[in-house]
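> Take a look at this one; I'll ask things after.
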Amino acid sequence: MMKSFRVLSALTALTLAATTQAAVIINPTNISTTEGGSTVQYQVVLDSAPDGGETVTVTPSSGDVTEGTVSAAINFTDANWETPQYITVTPGASGDGNDGDVAYAITNAVTSNLGGGAYDGETAPDVNANNANIGGIAVIIVDPSSIFVTEGGAAQTITVSVGPDTLPTDDISFDVTTVSGEATATPGTPFTVTLTAGNGYSVTFDITANDDALIDGDQAFTFTTSAATSTDLGFDGLNPADINGVALDDDVAPSVGAGATSLPTLSQWSQLLLLILLAGFGMRAVQRRKT
């Protein structure tokens, strides 16, 4: 009886592993843009292979095209499902007055060309976007404030400036800090950003992903800004946007042996059939043991 129970338990565990739900992974699910500023991106990848012959399409749609538009749909198959693809978000332009910061959602519809395929009927998370207003107000712009950088890859340049409609009457300064070991700013952190008439109230600095030898996956990080100080009361106390980023891992796990093969991905109908067969086999084994 105990042996039959162990067999049935093992078969049940195998069945549960085989019927694991496929998922579309979105990273990050919160992004920030600035009116008329740089484009930003978010990453899309699948957590398991589609069925053979299945094409999984992820179609983004902006909830407010006046504040942000999105790039075209992307496709995944069993040949590229592990390779992240990116959706680009282009912020709306300024010129609409002081309409304040506007939040909106980007939906990501998932479709499959294969009825009953691994991703048939699956869904993906929305991306929450915020487009910062720069029109008609005193504002300190951090652009871009949502970034991707790759270990061992190029730096991302960040531009800090004041809004076009209101110029300060004196210098502005604020601090930038981070507690993350995933990325480094060119001046080192903490450092102070100072905007003056001499630099046209605009400065730049670079952020680079720290290159390590760890297979630790993509890692999020944040550079935090303090409230600004200035004798110009219109800018004093303003808190520029934090910089949220993802450091993309460039280290790869060793490949499996030449003779090794990966487990196939089962369609939902195949999963159901396997569950029924294994359950029946387990019950028959128990009944034979009893007799």
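Every chain in the structure tokens takes a letter, A first, then B, and so on in the order presented; its residues are numbered from 1, and the ligands are numbered from 1 following the presented order.
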If we count only C-alpha atoms, what is near Ile106 of chain A at a cut-off of 8 Å, once residues fewer than 5 positions away on the same chain are taken out, given as a PyMOL selection string?

chain A and resi 60-63+126-129

> Residues within 7 Å of Gly135 of chain A, please, as a ChimeraX atom specification. Count only C-alpha atoms; anything in the same chain fewer than 2 positions from it doesn't count.

/A:94-95,97-98,133,137,165

> Please save all heavy atoms of the selected residues as a PDB file, in the first residue's frame.


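part_11.pdb, written as the output of this step:
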```pdb
ATOM      1  N   SER A  94       4.314  68.837 -24.744  1.00  0.00           N
ATOM      2  CA  SER A  94       3.763  69.929 -23.943  1.00  0.00           C
ATOM      3  C   SER A  94       2.994  70.866 -24.868  1.00  0.00           C
ATOM      4  O   SER A  94       2.933  70.659 -26.077  1.00  0.00           O
ATOM      5  CB  SER A  94       4.887  70.673 -23.222  1.00  0.00           C
ATOM      6  OG  SER A  94       5.800  71.198 -24.175  1.00  0.00           O
ATOM      7  N   GLY A  95       2.441  71.912 -24.309  1.00  0.00           N
ATOM      8  CA  GLY A  95       1.678  72.849 -25.126  1.00  0.00           C
ATOM      9  C   GLY A  95       0.203  72.812 -24.808  1.00  0.00           C
ATOM     10  O   GLY A  95      -0.583  73.550 -25.399  1.00  0.00           O
ATOM     11  N   GLY A  97      -0.911  73.497 -21.801  1.00  0.00           N
ATOM     12  CA  GLY A  97      -1.114  74.276 -20.587  1.00  0.00           C
ATOM     13  C   GLY A  97      -0.793  73.484 -19.344  1.00  0.00           C
ATOM     14  O   GLY A  97      -0.233  72.390 -19.389  1.00  0.00           O
ATOM     15  N   ASN A  98      -1.159  74.053 -18.218  1.00  0.00           N
ATOM     16  CA  ASN A  98      -0.893  73.417 -16.930  1.00  0.00           C
ATOM     17  C   ASN A  98      -2.003  72.420 -16.614  1.00  0.00           C
ATOM     18  O   ASN A  98      -2.943  72.716 -15.880  1.00  0.00           O
ATOM     19  CB  ASN A  98      -0.792  74.484 -15.834  1.00  0.00           C
ATOM     20  CG  ASN A  98      -0.439  73.882 -14.479  1.00  0.00           C
ATOM     21  OD1 ASN A  98      -0.089  72.702 -14.391  1.00  0.00           O
ATOM     22  ND2 ASN A  98      -0.549  74.691 -13.433  1.00  0.00           N
ATOM     23  N   ASN A 133       3.733  66.916 -16.109  1.00  0.00           N
ATOM     24  CA  ASN A 133       3.460  68.192 -16.757  1.00  0.00           C
ATOM     25  C   ASN A 133       4.655  69.142 -16.604  1.00  0.00           C
ATOM     26  O   ASN A 133       5.307  69.176 -15.563  1.00  0.00           O
ATOM     27  CB  ASN A 133       2.220  68.826 -16.116  1.00  0.00           C
ATOM     28  CG  ASN A 133       1.980  70.231 -16.627  1.00  0.00           C
ATOM     29  OD1 ASN A 133       1.723  70.426 -17.805  1.00  0.00           O
ATOM     30  ND2 ASN A 133       2.066  71.218 -15.744  1.00  0.00           N
ATOM     31  N   ILE A 137       4.345  76.039 -15.254  1.00  0.00           N
ATOM     32  CA  ILE A 137       4.720  75.946 -13.843  1.00  0.00           C
ATOM     33  C   ILE A 137       6.238  75.925 -13.694  1.00  0.00           C
ATOM     34  O   ILE A 137       6.969  75.680 -14.657  1.00  0.00           O
ATOM     35  CB  ILE A 137       4.141  74.677 -13.179  1.00  0.00           C
ATOM     36  CG1 ILE A 137       4.659  73.417 -13.902  1.00  0.00           C
ATOM     37  CG2 ILE A 137       2.621  74.700 -13.146  1.00  0.00           C
ATOM     38  CD1 ILE A 137       4.304  72.123 -13.205  1.00  0.00           C
ATOM     39  N   ASP A 165       8.721  77.158 -19.336  1.00  0.00           N
ATOM     40  CA  ASP A 165       7.858  78.328 -19.176  1.00  0.00           C
ATOM     41  C   ASP A 165       8.229  79.216 -17.995  1.00  0.00           C
ATOM     42  O   ASP A 165       7.814  80.383 -17.955  1.00  0.00           O
ATOM     43  CB  ASP A 165       6.396  77.879 -19.013  1.00  0.00           C
ATOM     44  CG  ASP A 165       5.840  77.243 -20.277  1.00  0.00           C
ATOM     45  OD1 ASP A 165       6.468  77.423 -21.345  1.00  0.00           O
ATOM     46  OD2 ASP A 165       4.804  76.565 -20.207  1.00  0.00           O
TER      47      ASP A 165
END
```

> Which residues of segment 111-138 of chain A sit at most 10 Å from segment 33-54 of chain A, using only C-alpha atoms? Give each one's shortest atom pair and distance in Å (one decimal place), in chain and ascending residue order, as CSV.


```
residue,atom,partner,partner_atom,distance
A:Ser112,CA,A:Glu54,CA,6.7
A:Asn113,CA,A:Glu54,CA,6.1
A:Leu114,CA,A:Glu54,CA,5.5
A:Gly115,CA,A:Glu54,CA,9.0
A:Gly116,CA,A:Asp51,CA,9.5
A:Gly117,CA,A:Asp51,CA,6.0
A:Ala118,CA,A:Pro50,CA,5.6
A:Tyr119,CA,A:Pro50,CA,6.6
A:Asp120,CA,A:Glu54,CA,9.2
A:Ala124,CA,A:Val44,CA,9.3
A:Val127,CA,A:Tyr42,CA,8.4
A:Ala129,CA,A:Thr33,CA,7.6
A:Asn130,CA,A:Thr33,CA,6.2
A:Asn131,CA,A:Thr33,CA,4.7
A:Ala132,CA,A:Thr34,CA,4.6
A:Asn133,CA,A:Glu35,CA,5.8
A:Ile134,CA,A:Glu35,CA,6.4
A:Gly135,CA,A:Glu35,CA,8.4
```

> Go ahead and save the residues from that selection, with all heavy atoms, as an mmCIF file, in the first residue's frame.


```
data_model
loop_
_atom_site.group_PDB
_atom_site.id
_atom_site.type_symbol
_atom_site.label_atom_id
_atom_site.label_comp_id
_atom_site.auth_asym_id
_atom_site.auth_seq_id
_atom_site.Cartn_x
_atom_site.Cartn_y
_atom_site.Cartn_z
ATOM 1 N N SER A 112 -3.287 34.060 -28.933
ATOM 2 C CA SER A 112 -2.576 32.904 -29.465
ATOM 3 C C SER A 112 -3.239 32.476 -30.761
ATOM 4 O O SER A 112 -4.467 32.527 -30.889
ATOM 5 C CB SER A 112 -2.597 31.750 -28.456
ATOM 6 O OG SER A 112 -2.122 30.546 -29.040
ATOM 7 N N ASN A 113 -2.420 32.047 -31.715
ATOM 8 C CA ASN A 113 -2.971 31.562 -32.985
ATOM 9 C C ASN A 113 -3.407 30.108 -32.909
ATOM 10 O O ASN A 113 -3.911 29.556 -33.873
ATOM 11 C CB ASN A 113 -1.927 31.706 -34.097
ATOM 12 C CG ASN A 113 -0.755 30.747 -33.918
ATOM 13 O OD1 ASN A 113 -0.361 30.450 -32.786
ATOM 14 N ND2 ASN A 113 -0.194 30.263 -35.017
ATOM 15 N N LEU A 114 -3.205 29.496 -31.728
ATOM 16 C CA LEU A 114 -3.444 28.062 -31.588
ATOM 17 C C LEU A 114 -4.487 27.830 -30.497
ATOM 18 O O LEU A 114 -4.215 28.008 -29.307
ATOM 19 C CB LEU A 114 -2.130 27.353 -31.218
ATOM 20 C CG LEU A 114 -2.124 25.828 -31.225
ATOM 21 C CD1 LEU A 114 -2.419 25.300 -32.626
ATOM 22 C CD2 LEU A 114 -0.772 25.301 -30.739
ATOM 23 N N GLY A 115 -5.705 27.458 -30.906
ATOM 24 C CA GLY A 115 -6.735 27.154 -29.934
ATOM 25 C C GLY A 115 -6.316 26.018 -29.021
ATOM 26 O O GLY A 115 -5.884 24.969 -29.492
ATOM 27 N N GLY A 116 -6.417 26.218 -27.718
ATOM 28 C CA GLY A 116 -5.981 25.212 -26.764
ATOM 29 C C GLY A 116 -4.483 25.205 -26.538
ATOM 30 O O GLY A 116 -3.969 24.340 -25.815
ATOM 31 N N GLY A 117 -3.754 26.165 -27.140
ATOM 32 C CA GLY A 117 -2.318 26.258 -26.945
ATOM 33 C C GLY A 117 -1.977 26.697 -25.537
ATOM 34 O O GLY A 117 -2.845 27.103 -24.748
ATOM 35 N N ALA A 118 -0.699 26.634 -25.213
ATOM 36 C CA ALA A 118 -0.251 26.938 -23.849
ATOM 37 C C ALA A 118 -0.648 28.344 -23.414
ATOM 38 O O ALA A 118 -0.895 28.587 -22.230
ATOM 39 C CB ALA A 118 1.263 26.769 -23.748
ATOM 40 N N TYR A 119 -0.713 29.304 -24.354
ATOM 41 C CA TYR A 119 -1.010 30.696 -24.006
ATOM 42 C C TYR A 119 -2.387 31.140 -24.469
ATOM 43 O O TYR A 119 -2.717 32.327 -24.394
ATOM 44 C CB TYR A 119 0.074 31.617 -24.578
ATOM 45 C CG TYR A 119 1.354 31.550 -23.776
ATOM 46 C CD1 TYR A 119 2.299 30.559 -24.017
ATOM 47 C CD2 TYR A 119 1.605 32.449 -22.743
ATOM 48 C CE1 TYR A 119 3.461 30.475 -23.274
ATOM 49 C CE2 TYR A 119 2.760 32.379 -21.991
ATOM 50 C CZ TYR A 119 3.688 31.385 -22.256
ATOM 51 O OH TYR A 119 4.836 31.305 -21.498
ATOM 52 N N ASP A 120 -3.192 30.191 -24.941
ATOM 53 C CA ASP A 120 -4.552 30.528 -25.335
ATOM 54 C C ASP A 120 -5.347 30.957 -24.110
ATOM 55 O O ASP A 120 -5.479 30.197 -23.151
ATOM 56 C CB ASP A 120 -5.214 29.320 -26.007
ATOM 57 C CG ASP A 120 -6.602 29.629 -26.527
ATOM 58 O OD1 ASP A 120 -6.857 30.795 -26.870
ATOM 59 O OD2 ASP A 120 -7.429 28.697 -26.605
ATOM 60 N N ALA A 124 -1.924 39.445 -19.422
ATOM 61 C CA ALA A 124 -0.684 40.075 -18.976
ATOM 62 C C ALA A 124 -1.033 41.292 -18.130
ATOM 63 O O ALA A 124 -2.099 41.904 -18.313
ATOM 64 C CB ALA A 124 0.172 40.487 -20.175
ATOM 65 N N VAL A 127 0.490 48.192 -17.473
ATOM 66 C CA VAL A 127 1.583 49.068 -17.053
ATOM 67 C C VAL A 127 0.975 50.411 -16.643
ATOM 68 O O VAL A 127 0.208 51.014 -17.405
ATOM 69 C CB VAL A 127 2.600 49.270 -18.188
ATOM 70 C CG1 VAL A 127 3.615 50.351 -17.820
ATOM 71 C CG2 VAL A 127 3.318 47.958 -18.501
ATOM 72 N N ALA A 129 1.338 54.185 -16.131
ATOM 73 C CA ALA A 129 2.205 55.244 -16.643
ATOM 74 C C ALA A 129 1.805 56.588 -16.043
ATOM 75 O O ALA A 129 0.630 56.819 -15.740
ATOM 76 C CB ALA A 129 2.131 55.301 -18.162
ATOM 77 N N ASN A 130 2.799 57.460 -15.888
ATOM 78 C CA ASN A 130 2.550 58.821 -15.412
ATOM 79 C C ASN A 130 3.341 59.784 -16.278
ATOM 80 O O ASN A 130 4.565 59.660 -16.408
ATOM 81 C CB ASN A 130 2.966 58.974 -13.953
ATOM 82 C CG ASN A 130 2.609 60.346 -13.407
ATOM 83 O OD1 ASN A 130 1.457 60.612 -13.072
ATOM 84 N ND2 ASN A 130 3.592 61.236 -13.312
ATOM 85 N N ASN A 131 2.645 60.729 -16.906
ATOM 86 C CA ASN A 131 3.295 61.731 -17.748
ATOM 87 C C ASN A 131 3.314 63.053 -17.007
ATOM 88 O O ASN A 131 2.268 63.642 -16.725
ATOM 89 C CB ASN A 131 2.555 61.871 -19.087
ATOM 90 C CG ASN A 131 3.366 62.628 -20.121
ATOM 91 O OD1 ASN A 131 4.594 62.512 -20.151
ATOM 92 N ND2 ASN A 131 2.698 63.378 -20.977
ATOM 93 N N ALA A 132 4.535 63.528 -16.673
ATOM 94 C CA ALA A 132 4.684 64.717 -15.843
ATOM 95 C C ALA A 132 4.473 65.988 -16.667
ATOM 96 O O ALA A 132 5.006 66.128 -17.772
ATOM 97 C CB ALA A 132 6.065 64.730 -15.200
ATOM 98 N N ASN A 133 3.733 66.916 -16.109
ATOM 99 C CA ASN A 133 3.460 68.192 -16.757
ATOM 100 C C ASN A 133 4.655 69.142 -16.604
ATOM 101 O O ASN A 133 5.307 69.176 -15.563
ATOM 102 C CB ASN A 133 2.220 68.826 -16.116
ATOM 103 C CG ASN A 133 1.980 70.231 -16.627
ATOM 104 O OD1 ASN A 133 1.723 70.426 -17.805
ATOM 105 N ND2 ASN A 133 2.066 71.218 -15.744
ATOM 106 N N ILE A 134 4.946 69.906 -17.675
ATOM 107 C CA ILE A 134 6.001 70.926 -17.594
ATOM 108 C C ILE A 134 5.491 72.300 -18.021
ATOM 109 O O ILE A 134 6.243 73.274 -17.987
ATOM 110 C CB ILE A 134 7.208 70.552 -18.476
ATOM 111 C CG1 ILE A 134 6.816 70.505 -19.950
ATOM 112 C CG2 ILE A 134 7.814 69.228 -18.030
ATOM 113 C CD1 ILE A 134 8.000 70.330 -20.890
ATOM 114 N N GLY A 135 4.234 72.383 -18.421
ATOM 115 C CA GLY A 135 3.704 73.629 -18.972
ATOM 116 C C GLY A 135 3.145 74.562 -17.915
ATOM 117 O O GLY A 135 2.334 74.166 -17.076
#
```

> At what distance in Å, to one decimal, does atom CA of Ala241 of chain A lie from atom CA of Val193 of chain A?

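Going from atom CA of Val193 of chain A over to atom CA of Ala241 of chain A, I get 13.1 Å.
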
> Would you please give, as an NGL selection string, all residues of segment 22-65 of chain A that DSSP assigns to strand (DSSP E) based on the backbone?

:A and (24-27 or 30-34 or 40-46 or 56-62)

> Which distance in Å separates atom CA of Thr224 of chain A and atom CA of Thr189 of chain A, to one decimal?

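Rounded to one decimal, the two atoms are 10.3 Å apart.
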
> Interatomic distance between atom CA of Pro164 of chain A and atom CA of Thr225 of chain A?

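Computing it gives 20.9 Å between the two atoms.
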